[in-house]
$ cat structure.txt   # compact mmCIF, C-alpha atoms
# COMPACT_ATOMS: atom_id res chain seq x y z
CA MET E 1168 0.00 0.00 0.00
CA ARG E 1169 1.45 3.37 -1.01
CA PRO E 1170 1.90 5.97 1.77
CA ASP E 1171 -0.21 8.54 -0.07
CA SER E 1172 -3.18 6.16 -0.04
CA LEU E 1173 -3.42 5.95 3.75
CA ASN E 1174 -6.32 7.49 5.67
CA ILE E 1175 -5.30 7.70 9.31
CA GLY E 1176 -7.24 8.62 12.43
CA LEU E 1177 -5.28 10.17 15.31
CA ILE E 1178 -6.57 10.39 18.90
CA GLU E 1179 -4.00 12.45 20.84
CA ASP E 1180 -4.55 15.13 23.50
CA ASP E 1181 -0.99 16.47 23.54
CA PRO E 1182 -0.95 19.39 21.05
CA VAL E 1183 2.81 19.14 20.53
CA MET E 1184 2.86 15.38 20.00
CA GLY E 1185 -0.32 15.44 17.92
CA GLY E 1186 0.79 18.35 15.76
CA SER E 1187 4.15 16.71 15.13
CA LEU E 1188 2.56 13.41 14.09
CA VAL E 1189 0.06 15.12 11.79
CA GLN E 1190 2.83 17.14 10.15
CA ARG E 1191 5.14 14.16 9.63
CA LEU E 1192 2.37 11.86 8.37
CA GLU E 1193 1.03 14.48 5.95
CA LEU E 1194 4.54 15.02 4.63
CA GLU E 1195 4.51 11.30 3.82
CA GLY E 1196 1.30 11.86 1.85
CA CYS E 1197 -1.13 10.47 4.44
CA ALA E 1198 -4.55 12.02 5.08
CA VAL E 1199 -4.95 12.49 8.85
CA ARG E 1200 -8.10 13.15 10.88
CA TRP E 1201 -7.12 14.39 14.39
CA TRP E 1202 -9.29 14.15 17.49
CA GLN E 1203 -7.86 15.75 20.64
CA THR E 1204 -10.11 13.93 23.13
CA GLY E 1205 -11.64 10.52 23.39
CA GLN E 1206 -15.15 11.97 23.36
CA GLU E 1207 -14.48 13.77 20.07
CA ALA E 1208 -13.47 10.47 18.52
CA LEU E 1209 -16.51 8.66 19.88
CA GLN E 1210 -18.83 11.38 18.65
CA ALA E 1211 -17.43 11.08 15.12
CA ASN E 1212 -19.59 9.25 12.64
CA GLY E 1213 -19.01 5.51 13.05
CA LYS E 1214 -18.94 5.12 9.28
CA LEU E 1215 -15.91 7.38 9.15
CA PHE E 1216 -13.90 4.84 11.17
CA GLY E 1217 -14.84 2.17 8.65
CA ASP E 1218 -13.20 4.27 5.94
CA LEU E 1219 -9.91 4.62 7.83
CA ASP E 1220 -6.93 2.40 7.15
CA LEU E 1221 -5.61 2.74 10.69
CA VAL E 1222 -6.10 4.61 13.99
CA LEU E 1223 -3.31 5.92 16.22
CA CYS E 1224 -4.50 6.37 19.80
CA ASP E 1225 -2.75 7.71 22.90
CA ILE E 1226 -3.38 5.43 25.85
CA ARG E 1227 -3.45 8.34 28.33
CA LEU E 1228 -6.03 10.88 27.22
CA SER E 1229 -7.16 13.90 29.21
CA ASP E 1230 -10.83 12.86 29.40
CA MET E 1231 -10.71 9.06 29.29
CA ASP E 1232 -8.47 6.04 28.81
CA GLY E 1233 -7.56 4.94 25.29
CA GLU E 1234 -8.82 1.47 26.13
CA GLU E 1235 -12.28 2.91 26.80
CA VAL E 1236 -12.27 4.50 23.36
CA TYR E 1237 -11.25 1.23 21.75
CA ARG E 1238 -13.81 -0.86 23.61
CA SER E 1239 -16.57 1.55 22.62
CA LEU E 1240 -15.56 1.57 18.95
CA MET E 1241 -15.29 -2.23 18.88
CA ARG E 1242 -19.08 -2.29 18.92
CA GLU E 1243 -18.99 -0.83 15.38
CA LYS E 1244 -19.17 -3.28 12.48
CA ALA E 1245 -15.87 -2.20 10.96
CA VAL E 1246 -13.01 -1.08 13.20
CA PRO E 1247 -9.64 -0.44 11.55
CA PRO E 1248 -6.38 -1.55 13.20
CA PHE E 1249 -5.46 0.42 16.33
CA ILE E 1250 -1.89 1.30 17.26
CA PHE E 1251 -1.66 2.56 20.84
CA ILE E 1252 0.94 5.17 21.75
CA THR E 1253 2.05 5.66 25.32
CA GLY E 1254 4.88 6.79 27.53
CA TYR E 1255 4.09 4.03 29.97
CA GLY E 1256 5.44 0.67 28.86
CA GLU E 1257 3.82 -1.73 31.33
CA ILE E 1258 3.85 -5.20 29.83
CA ASP E 1259 0.51 -6.18 31.38
CA GLN E 1260 -1.14 -3.27 29.62
CA ALA E 1261 0.43 -4.28 26.33
CA VAL E 1262 -0.82 -7.83 26.75
CA ARG E 1263 -4.33 -6.67 27.65
CA LEU E 1264 -4.55 -4.44 24.59
CA MET E 1265 -3.22 -7.13 22.25
CA ARG E 1266 -5.73 -9.64 23.58
CA LEU E 1267 -8.49 -7.11 23.11
CA GLY E 1268 -7.53 -7.00 19.44
CA ALA E 1269 -5.16 -4.05 19.13
CA ALA E 1270 -2.81 -4.22 16.17
CA ASP E 1271 0.28 -2.81 17.89
CA TYR E 1272 1.66 -0.91 20.88
CA VAL E 1273 4.56 1.58 20.82
CA THR E 1274 6.20 3.57 23.58
CA LYS E 1275 7.46 7.15 23.50
CA PRO E 1276 9.96 8.20 22.35
CA PHE E 1277 10.22 6.31 19.07
CA ARG E 1278 12.06 6.69 15.76
CA PHE E 1279 9.55 8.01 13.26
CA GLU E 1280 10.95 5.92 10.40
CA ASP E 1281 10.37 2.69 12.37
CA PHE E 1282 6.97 3.92 13.49
CA LEU E 1283 5.95 4.77 9.90
CA SER E 1284 7.03 1.32 8.73
CA ARG E 1285 4.74 -0.30 11.29
CA VAL E 1286 1.89 2.00 10.29
CA ARG E 1287 2.27 0.96 6.65
CA ASP E 1288 2.46 -2.74 7.53
CA HIS E 1289 -0.73 -2.69 9.59
CA ALA E 1290 -2.59 -0.57 7.05
CA ARG E 1291 -1.55 -2.95 4.25
CA ASN E 1292 -2.70 -5.96 6.27
CA HIS E 1293 -6.07 -4.25 6.70
CA SER E 1294 -6.66 -4.01 2.95
CA PRO E 1295 -9.57 -6.07 1.54
CA THR E 1296 -7.26 -8.29 -0.48
CA GLN E 1297 -5.19 -9.17 2.55
CA ARG E 1298 -8.21 -9.80 4.77
CA ASN E 1299 -9.70 -12.27 2.29
CA GLU E 1300 -6.52 -14.32 2.08
CA THR E 1301 -6.08 -17.23 4.45
CA ALA E 1302 -3.04 -19.41 4.82
CA LEU E 1303 -4.14 -21.61 7.72
CA GLY E 1304 -7.64 -22.64 6.71
CA VAL E 1305 -11.03 -21.41 5.55
CA SER E 1306 -13.01 -22.29 8.67
CA PRO E 1307 -14.19 -19.48 10.97
CA ALA E 1308 -11.97 -20.83 13.75
CA MET E 1309 -8.83 -20.62 11.59
CA GLN E 1310 -9.73 -17.23 10.14
CA GLU E 1311 -10.10 -15.94 13.70
CA LEU E 1312 -6.77 -17.53 14.62
CA GLU E 1313 -5.10 -15.93 11.61
CA ALA E 1314 -6.48 -12.53 12.57
CA MET E 1315 -5.06 -13.03 16.06
CA LEU E 1316 -1.73 -14.07 14.55
CA GLN E 1317 -1.69 -10.87 12.51
CA ARG E 1318 -2.17 -8.81 15.67
CA TYR E 1319 0.69 -10.68 17.33
CA SER E 1320 3.04 -10.28 14.38
CA ASN E 1321 4.52 -6.87 15.15
CA THR E 1322 5.36 -7.29 18.81
CA ASP E 1323 8.41 -8.91 20.36
CA LEU E 1324 6.42 -10.69 23.08
CA PRO E 1325 6.73 -14.50 23.37
CA VAL E 1326 4.04 -16.63 21.69
CA LEU E 1327 2.95 -20.10 22.82
CA ILE E 1328 1.20 -22.23 20.19
CA THR E 1329 -0.74 -25.24 21.46
CA GLY E 1330 -2.65 -28.00 19.70
CA GLU E 1331 -2.63 -31.69 18.90
CA THR E 1332 0.16 -33.30 16.93
CA GLY E 1333 -0.14 -32.53 13.23
CA VAL E 1334 -2.47 -29.52 13.42
CA GLY E 1335 0.14 -27.19 11.91
CA LYS E 1336 1.93 -25.53 14.82
CA GLU E 1337 5.18 -25.08 12.89
CA VAL E 1338 3.32 -23.85 9.80
CA THR E 1339 1.61 -21.26 12.02
CA SER E 1340 4.89 -20.20 13.61
CA ARG E 1341 6.53 -19.78 10.20
CA LEU E 1342 3.62 -17.65 9.03
CA LEU E 1343 3.91 -15.54 12.18
CA HIS E 1344 7.63 -15.08 11.48
CA LYS E 1345 7.03 -14.21 7.83
CA ARG E 1346 4.52 -11.50 8.72
CA SER E 1347 6.50 -10.01 11.59
CA ALA E 1348 9.31 -7.49 11.85
CA PHE E 1349 11.57 -10.47 12.68
CA ALA E 1350 11.31 -11.71 9.08
CA ILE E 1351 14.57 -9.81 8.46
CA GLY E 1352 16.30 -12.57 10.40
CA PRO E 1353 16.27 -16.38 10.07
CA PHE E 1354 13.64 -18.78 11.37
CA MET E 1355 15.51 -21.21 13.63
CA ALA E 1356 13.46 -24.30 14.53
CA VAL E 1357 14.51 -26.58 17.39
CA ASN E 1358 12.63 -29.83 18.01
CA CYS E 1359 13.08 -30.29 21.74
CA ALA E 1360 11.68 -33.85 21.59
CA ALA E 1361 14.04 -35.02 18.84
CA ILE E 1362 17.37 -33.95 20.39
CA PRO E 1363 18.72 -35.94 23.37
CA GLY E 1364 18.47 -33.97 26.61
CA GLU E 1365 22.24 -33.99 27.22
CA LEU E 1366 22.84 -32.34 23.83
CA LEU E 1367 19.89 -29.94 23.77
CA GLU E 1368 21.52 -27.19 25.84
CA SER E 1369 24.56 -27.12 23.58
CA GLU E 1370 22.36 -27.06 20.47
CA ILE E 1371 20.30 -24.13 21.74
CA PHE E 1372 23.00 -22.04 23.46
CA GLY E 1373 26.18 -23.31 21.82
CA HIS E 1374 29.42 -24.16 23.61
CA GLU E 1375 32.99 -22.97 23.99
CA ARG E 1376 35.99 -24.95 22.88
CA GLY E 1377 36.92 -27.47 25.57
CA ALA E 1378 33.61 -27.07 27.43
CA PHE E 1379 33.27 -30.85 27.53
CA THR E 1380 34.90 -33.93 26.07
CA GLY E 1381 34.70 -33.74 22.30
CA ALA E 1382 34.16 -29.96 22.15
CA GLU E 1383 37.15 -29.34 19.90
CA LYS E 1384 35.98 -25.94 18.69
CA GLN E 1385 33.52 -23.21 19.54
CA HIS E 1386 29.93 -23.93 18.46
CA LEU E 1387 27.24 -21.27 17.95
CA GLY E 1388 23.81 -22.46 19.05
CA TYR E 1389 20.37 -21.76 17.65
CA ALA E 1390 19.80 -18.78 19.98
CA GLU E 1391 22.92 -17.02 18.75
CA ARG E 1392 22.27 -17.84 15.10
CA THR E 1393 18.72 -16.51 15.38
CA LYS E 1394 20.09 -12.95 15.50
CA ARG E 1395 17.05 -10.72 14.86
CA GLY E 1396 14.89 -13.56 13.68
CA THR E 1397 12.60 -16.09 15.37
CA LEU E 1398 13.70 -18.91 17.68
CA PHE E 1399 11.04 -21.63 17.45
CA LEU E 1400 11.12 -24.12 20.33
CA ASP E 1401 8.93 -26.97 19.13
CA GLU E 1402 7.59 -29.51 21.65
CA ILE E 1403 8.94 -27.48 24.54
CA GLY E 1404 6.90 -29.65 26.90
CA ASP E 1405 9.53 -32.37 26.36
CA MET E 1406 12.41 -30.15 27.47
CA PRO E 1407 14.33 -31.30 30.60
CA LEU E 1408 13.58 -29.30 33.77
CA ALA E 1409 17.19 -28.22 34.23
CA LEU E 1410 17.24 -26.61 30.79
CA GLN E 1411 13.85 -24.97 31.36
CA ALA E 1412 15.46 -22.72 33.99
CA LYS E 1413 17.94 -21.46 31.40
CA ILE E 1414 15.18 -20.85 28.87
CA LEU E 1415 13.40 -18.79 31.55
CA ARG E 1416 16.52 -16.67 31.87
CA LEU E 1417 16.65 -16.25 28.09
CA VAL E 1418 13.04 -15.02 28.04
CA GLU E 1419 13.31 -12.71 31.07
CA GLU E 1420 16.82 -11.29 30.75
CA ARG E 1421 17.21 -11.52 26.97
CA ASN E 1422 20.69 -13.03 27.24
CA PHE E 1423 22.34 -16.44 27.61
CA PHE E 1424 25.67 -18.18 28.15
CA ARG E 1425 27.31 -20.69 25.89
CA VAL E 1426 28.08 -23.97 27.64
CA GLY E 1427 31.44 -23.36 29.29
CA GLY E 1428 31.21 -19.62 28.62
CA GLU E 1429 31.52 -16.78 31.12
CA GLU E 1430 30.29 -13.78 29.13
CA PRO E 1431 26.56 -13.22 28.61
CA ILE E 1432 25.47 -13.01 24.99
CA PRO E 1433 22.50 -10.76 24.15
CA PHE E 1434 19.47 -12.34 22.50
CA GLU E 1435 17.92 -10.07 19.85
CA GLY E 1436 15.25 -12.31 18.39
CA ARG E 1437 11.74 -13.42 19.28
CA ILE E 1438 10.79 -16.65 21.04
CA VAL E 1439 7.89 -18.76 19.79
CA ALA E 1440 7.22 -22.07 21.53
CA ALA E 1441 4.84 -24.91 20.68
CA THR E 1442 3.58 -28.03 22.39
CA HIS E 1443 0.88 -30.69 22.15
CA ARG E 1444 0.92 -31.04 25.94
CA ASP E 1445 -1.16 -29.27 28.60
CA LEU E 1446 1.71 -27.37 30.21
CA LEU E 1447 -0.34 -26.20 33.20
CA SER E 1448 -1.21 -29.81 33.94
CA GLU E 1449 2.42 -30.79 33.45
CA SER E 1450 3.50 -28.05 35.88
CA GLY E 1451 1.15 -29.54 38.48
CA LYS E 1452 2.96 -32.85 38.05
CA GLY E 1453 6.33 -31.13 38.44
CA SER E 1454 7.51 -31.87 34.91
CA PHE E 1455 7.24 -28.29 33.60
CA ARG E 1456 8.04 -24.99 35.30
CA GLU E 1457 4.92 -22.95 35.98
CA ASP E 1458 6.85 -19.65 35.84
CA LEU E 1459 8.21 -20.56 32.40
CA TYR E 1460 4.72 -21.39 31.18
CA TYR E 1461 3.40 -17.95 32.11
CA ARG E 1462 6.41 -16.20 30.52
CA LEU E 1463 5.98 -18.15 27.28
CA ALA E 1464 2.18 -17.85 27.14
CA VAL E 1465 2.13 -14.05 27.10
CA LEU E 1466 0.46 -14.29 23.69
CA PRO E 1467 -1.27 -17.70 23.34
CA LEU E 1468 -2.52 -19.34 20.15
CA HIS E 1469 -4.51 -22.58 20.27
CA ILE E 1470 -5.07 -24.50 17.04
CA PRO E 1471 -8.22 -26.65 17.16
CA PRO E 1472 -8.03 -30.21 15.80
CA LEU E 1473 -9.03 -30.80 12.18
CA ARG E 1474 -12.11 -32.84 13.13
CA LYS E 1475 -13.59 -29.73 14.80
CA ARG E 1476 -13.27 -27.58 11.67
CA PRO E 1477 -14.86 -29.61 8.86
CA GLU E 1478 -14.74 -26.67 6.42
CA ASP E 1479 -10.96 -27.10 6.28
CA ILE E 1480 -11.07 -30.81 5.43
CA LEU E 1481 -12.34 -30.47 1.84
CA SER E 1482 -10.32 -27.27 1.35
CA PHE E 1483 -7.05 -28.98 2.30
CA MET E 1484 -7.99 -32.07 0.29
CA LYS E 1485 -8.23 -29.95 -2.86
CA LEU E 1486 -4.99 -28.10 -2.07
CA PHE E 1487 -3.02 -31.26 -1.33
CA LEU E 1488 -4.46 -33.03 -4.39
CA ASP E 1489 -3.28 -30.19 -6.64
CA GLU E 1490 0.17 -30.18 -5.05
CA ALA E 1491 0.64 -33.96 -5.08
CA SER E 1492 -0.69 -34.33 -8.64
CA GLU E 1493 1.76 -31.73 -9.93
CA ARG E 1494 4.67 -33.23 -8.02
CA GLN E 1495 3.89 -36.80 -9.13
CA ASN E 1496 2.85 -35.77 -12.66
CA ARG E 1497 -0.63 -37.29 -12.25
CA ASN E 1498 -4.02 -35.91 -13.28
CA PHE E 1499 -7.33 -36.39 -11.44
CA LYS E 1500 -10.71 -34.71 -11.76
CA GLY E 1501 -11.15 -34.71 -8.00
CA TYR E 1502 -12.61 -36.95 -5.30
CA SER E 1503 -15.65 -39.19 -5.58
CA SER E 1504 -18.60 -38.19 -3.42
CA LEU E 1505 -18.15 -41.25 -1.21
CA THR E 1506 -14.48 -40.38 -0.67
CA GLU E 1507 -15.50 -36.89 0.48
CA GLU E 1508 -18.13 -38.36 2.82
CA LEU E 1509 -15.58 -40.73 4.35
CA ALA E 1510 -13.18 -37.82 4.79
CA MET E 1511 -15.80 -35.75 6.61
CA ASP E 1512 -16.54 -38.72 8.88
CA HIS E 1513 -12.89 -39.65 9.55
CA PRO E 1514 -11.53 -38.82 13.06
CA TRP E 1515 -8.22 -37.41 11.72
CA ARG E 1516 -6.18 -38.27 14.78
CA GLY E 1517 -3.08 -37.14 12.92
CA ASN E 1518 -4.84 -33.94 11.82
CA VAL E 1519 -3.54 -32.04 8.77
CA ARG E 1520 -0.36 -34.11 8.61
CA GLU E 1521 -2.41 -37.32 8.29
CA LEU E 1522 -4.63 -35.72 5.66
CA ARG E 1523 -1.65 -34.73 3.53
CA ASN E 1524 -0.14 -38.21 3.81
CA ARG E 1525 -3.39 -39.90 2.79
CA VAL E 1526 -3.83 -37.62 -0.22
CA GLU E 1527 -0.26 -38.20 -1.38
CA ARG E 1528 -0.77 -41.95 -1.11
CA ALA E 1529 -4.05 -41.72 -3.03
CA VAL E 1530 -2.39 -39.79 -5.84
CA ALA E 1531 0.36 -42.39 -6.03
CA VAL E 1532 -1.93 -45.44 -6.20
CA GLY E 1533 -5.09 -44.02 -7.81
CA SER E 1534 -5.94 -45.60 -11.18
CA GLN E 1535 -9.23 -43.87 -12.04
CA GLU E 1536 -10.03 -40.29 -13.03
CA TRP E 1537 -11.46 -39.67 -9.53
CA ILE E 1538 -9.83 -40.42 -6.17
CA LEU E 1539 -11.80 -43.37 -4.79
CA PRO E 1540 -12.32 -44.47 -1.16
CA GLN E 1541 -9.94 -47.42 -1.50
CA ASP E 1542 -7.21 -45.01 -2.70
CA MET E 1543 -7.43 -42.69 0.29
CA PHE E 1544 -8.88 -44.96 2.99
CA PRO E 1545 -7.61 -48.49 2.33
CA ASP E 1546 -8.07 -49.23 6.04
CA ARG E 1547 -11.79 -48.36 5.85
CA ALA E 1548 -12.82 -48.94 2.24
CA SER E 1549 -12.49 -52.70 1.87
CA GLY E 1550 -14.68 -52.58 -1.22
CA ASP E 1551 -17.19 -55.16 0.03
CA TYR E 1552 -20.02 -52.66 0.41
CA LEU E 1553 -19.15 -51.13 -2.96
CA ASP E 1554 -19.62 -54.47 -4.69
CA ALA E 1555 -22.77 -55.54 -2.83
CA GLY E 1556 -25.12 -54.15 -5.48
CA PHE E 1557 -26.13 -51.05 -3.50
CA GLU E 1558 -25.86 -47.52 -4.83
CA PRO E 1559 -24.11 -45.31 -2.23
CA LEU E 1560 -26.29 -42.58 -0.72
CA SER E 1561 -23.91 -40.02 -2.20
CA GLY E 1562 -24.70 -41.31 -5.69
CA ILE E 1563 -28.47 -41.15 -5.08
CA ARG E 1564 -28.12 -37.60 -3.82
CA ASP E 1565 -25.95 -36.56 -6.76
CA ASP E 1566 -28.43 -38.00 -9.26
CA ALA E 1567 -31.32 -36.14 -7.60
CA GLU E 1568 -29.40 -32.86 -7.56
CA ARG E 1569 -28.29 -33.33 -11.16
CA ARG E 1570 -31.88 -33.85 -12.36
CA HIS E 1571 -33.17 -30.92 -10.31
CA ILE E 1572 -30.49 -28.52 -11.60
CA GLU E 1573 -31.00 -29.68 -15.19
CA ARG E 1574 -34.76 -29.00 -14.91
CA ALA E 1575 -34.11 -25.52 -13.53
CA LEU E 1576 -31.61 -24.79 -16.30
CA SER E 1577 -34.13 -25.84 -18.94
CA VAL E 1578 -36.73 -23.46 -17.47
CA THR E 1579 -34.33 -20.50 -17.50
CA ASP E 1580 -32.81 -21.37 -20.90
CA ARG E 1581 -29.57 -22.17 -18.99
CA GLN E 1582 -29.13 -18.66 -17.56
CA ILE E 1583 -26.85 -19.21 -14.58
CA ALA E 1584 -27.84 -16.13 -12.56
CA GLU E 1585 -31.57 -16.80 -12.98
CA THR E 1586 -31.14 -20.51 -12.22
CA ALA E 1587 -29.18 -19.70 -9.03
CA ARG E 1588 -32.00 -17.38 -7.88
CA MET E 1589 -34.60 -20.03 -8.65
CA LEU E 1590 -32.71 -22.65 -6.64
CA GLY E 1591 -31.96 -20.27 -3.76
CA VAL E 1592 -28.16 -20.56 -3.98
CA SER E 1593 -25.35 -18.25 -5.02
CA ARG E 1594 -23.91 -18.39 -8.53
CA THR E 1595 -20.63 -19.65 -7.05
CA THR E 1596 -22.39 -22.53 -5.30
CA LEU E 1597 -24.31 -23.40 -8.46
CA TRP E 1598 -21.12 -23.39 -10.56
CA GLU E 1599 -19.37 -25.64 -8.00
CA LYS E 1600 -22.26 -28.12 -8.01
CA MET E 1601 -22.46 -28.12 -11.81
CA THR E 1602 -18.72 -28.78 -12.06
CA HIS E 1603 -18.93 -31.57 -9.47
CA LEU E 1604 -21.95 -33.17 -11.18
CA GLY E 1605 -20.56 -32.78 -14.70
CA ILE E 1606 -23.33 -30.43 -15.89
CA GLN E 1607 -22.39 -28.20 -18.82
CA ALA E 1608 -23.38 -24.56 -18.82
CA LYS E 1609 -24.52 -24.82 -22.46
CA ARG E 1610 -26.15 -27.70 -24.27
CA SER E 1611 -23.68 -29.60 -26.41
CA GLU E 1612 -24.47 -29.41 -30.13
CA ASN E 1613 -24.63 -32.79 -31.84
$ encode --input "structure.txt" --output "structure tokens"
Amino acid sequence: MRPDSLNIGLIEDDPVMGGSLVQRLELEGCAVRWWQTGQEALQANGKLFGDLDLVLCDIRLSDMDGEEVYRSLMREKAVPPFIFITGYGEIDQAVRLMRLGAADYVTKPFRFEDFLSRVRDHARNHSPTQRNETALGVSPAMQELEAMLQRYSNTDLPVLITGETGVGKEVTSRLLHKRSAFAIGPFMAVNCAAIPGELLESEIFGHERGAFTGAEKQHLGYAERTKRGTLFLDEIGDMPLALQAKILRLVEERNFFRVGGEEPIPFEGRIVAATHRDLLSESGKGSFREDLYYRLAVLPLHIPPLRKRPEDILSFMKLFLDEASERQNRNFKGYSSLTEELAMDHPWRGNVRELRNRVERAVAVGSQEWILPQDMFPDRASGDYLDAGFEPLSGIRDDAERRHIERALSVTDRQIAETARMLGVSRTTLWEKMTHLGIQAKRSEN
């Protein structure tokens, strides 16, 4: 988004600070609407806020708190991203605002160039094109999670991602990294469950030459190589207790020691952790530090299992089919109706990872133009019921829908818009059903 296309609202009671921001932003080509009290902002037409790309709001206003303004405006249908500005940098206030839905939080004084960059990023992410994109799923639950991830992206606070194995915790963390200011640095992933406990400390923090037997030269760990990027601690619930204390120091003091080292090394990156475990329950058993849990879970993200978001099942099936077909140089029209029904009924204990694996197998072994149940679910689709002389319910339903749509098309002379209105569905839904059922938009000429 170009700077001169930004419409910005400013709620600031300090005439010096407000005047300076207005002047600098207008020099950048932004259009700024300035309210000097919270009441002035609340009395503005609600529709006006819907037309703004972003709102800058002082947290300490003369007549009311900036949070009050934000809570009141949240009742509107369309609230643009809010960046709160304050001279008071309490972390609990930052966390409360982020959880309320604020886009960002900056403290005075700040470098205007950095501040402007954050303004542009949040305004760009608010654009209609960006809002309609989804990288994690199409279900309401995942769209809400992605919106939360976007709000988390431009802070340096720790993030804890929880969810069952295979739901996409690392995919989510990589997306968070990509959309954050830490994208300038590397994404360093450490699987705490895959590295033996006696080696994990050295892998994360590095070691000095001679620190232990076999340490023939200095080794830089993941924390040091992260630089200004993201350190992703996957399956942190499997980390040994002794090492958890050192991770707590890394989070709280933003520095660490190499194994065998005496000089503290500053940590400049961001920490994102993930686990399939209930860390609070684990802390009650004494296997995870409660203080570390609360320091890591400043900004929490929970990914629901795939079985609880059915909208994502068919969406991912299509995506993975396209990817696997291209990679394996195969060509399929799609999935049979019975395959889709089995997929919607499957428990998906391995979540998205299991779904991808099943699709890749189906593409490898499929011999028909459609992916059949025995291709994707060999453990469930023995074929006996398919050969018993019964037509699957999905086939009966498809035949009925096909006849009904064909009759409606004949009445409207195959006008798609009119047919969709007659059937009480959108044109997009009608097109999808026609494609699935093999109905042509125009009669074929013989």
$ residues_around --input "structure.txt" --residues "segment 1486-1492 of chain E" --least-positions-apart "2" --cutoff "12 Å" --atoms "all atoms listed in the file" --output "number ranges by chain"
E: 1302-1305, 1479-1484, 1494-1502, 1519-1533, 1536-1538, 1543
$ atom_distance --input "structure.txt" --atom1 "atom CA of Glu1585 of chain E" --atom2 "atom CA of Ser1504 of chain E"
26.8 Å
$ residues_near_point --input "structure.txt" --point "(25.3, -10.1, 23.0)" --cutoff "12 Å" --atoms "only C-alpha atoms" --output "ChimeraX atom specification"
/E:1390-1395,1417,1420-1425,1430-1436
$ atom_distance --input "structure.txt" --atom1 "atom CA of Val1199 of chain E" --atom2 "atom CA of Met1315 of chain E"
26.5 Å
$ build_atoms --input "structure.txt" --residues "segment 1462-1475 of chain E" --atoms "N, CA and C atoms" --output "CSV table (one decimal), in the frame of the given file"
chain,number,residue,atom,x,y,z
E,1462,ARG,N,5.6,-17.1,31.3
E,1462,ARG,CA,6.4,-16.2,30.5
E,1462,ARG,C,6.3,-16.5,29.0
E,1463,LEU,N,6.1,-17.8,28.7
E,1463,LEU,CA,6.0,-18.2,27.3
E,1463,LEU,C,4.6,-17.9,26.7
E,1464,ALA,N,3.6,-18.0,27.6
E,1464,ALA,CA,2.2,-17.8,27.1
E,1464,ALA,C,1.7,-16.4,27.3
E,1465,VAL,N,2.6,-15.5,27.1
E,1465,VAL,CA,2.1,-14.0,27.1
E,1465,VAL,C,1.1,-13.8,26.0
E,1466,LEU,N,1.4,-14.3,24.8
E,1466,LEU,CA,0.5,-14.3,23.7
E,1466,LEU,C,0.2,-15.7,23.3
E,1467,PRO,N,-1.0,-16.3,23.7
E,1467,PRO,CA,-1.3,-17.7,23.3
E,1467,PRO,C,-2.0,-17.9,22.0
E,1468,LEU,N,-1.8,-19.0,21.4
E,1468,LEU,CA,-2.5,-19.3,20.2
E,1468,LEU,C,-2.9,-20.8,20.3
E,1469,HIS,N,-4.1,-21.2,20.2
E,1469,HIS,CA,-4.5,-22.6,20.3
E,1469,HIS,C,-5.1,-23.0,18.9
E,1470,ILE,N,-4.6,-24.0,18.3
E,1470,ILE,CA,-5.1,-24.5,17.0
E,1470,ILE,C,-6.0,-25.7,17.3
E,1471,PRO,N,-7.3,-25.5,16.9
E,1471,PRO,CA,-8.2,-26.6,17.2
E,1471,PRO,C,-7.9,-27.8,16.2
E,1472,PRO,N,-8.3,-29.0,16.7
E,1472,PRO,CA,-8.0,-30.2,15.8
E,1472,PRO,C,-8.9,-30.1,14.5
E,1473,LEU,N,-8.4,-30.8,13.5
E,1473,LEU,CA,-9.0,-30.8,12.2
E,1473,LEU,C,-10.5,-31.3,12.2
E,1474,ARG,N,-10.8,-32.3,13.1
E,1474,ARG,CA,-12.1,-32.8,13.1
E,1474,ARG,C,-13.1,-31.8,13.6
E,1475,LYS,N,-12.7,-30.7,14.3
E,1475,LYS,CA,-13.6,-29.7,14.8
E,1475,LYS,C,-13.7,-28.5,13.8
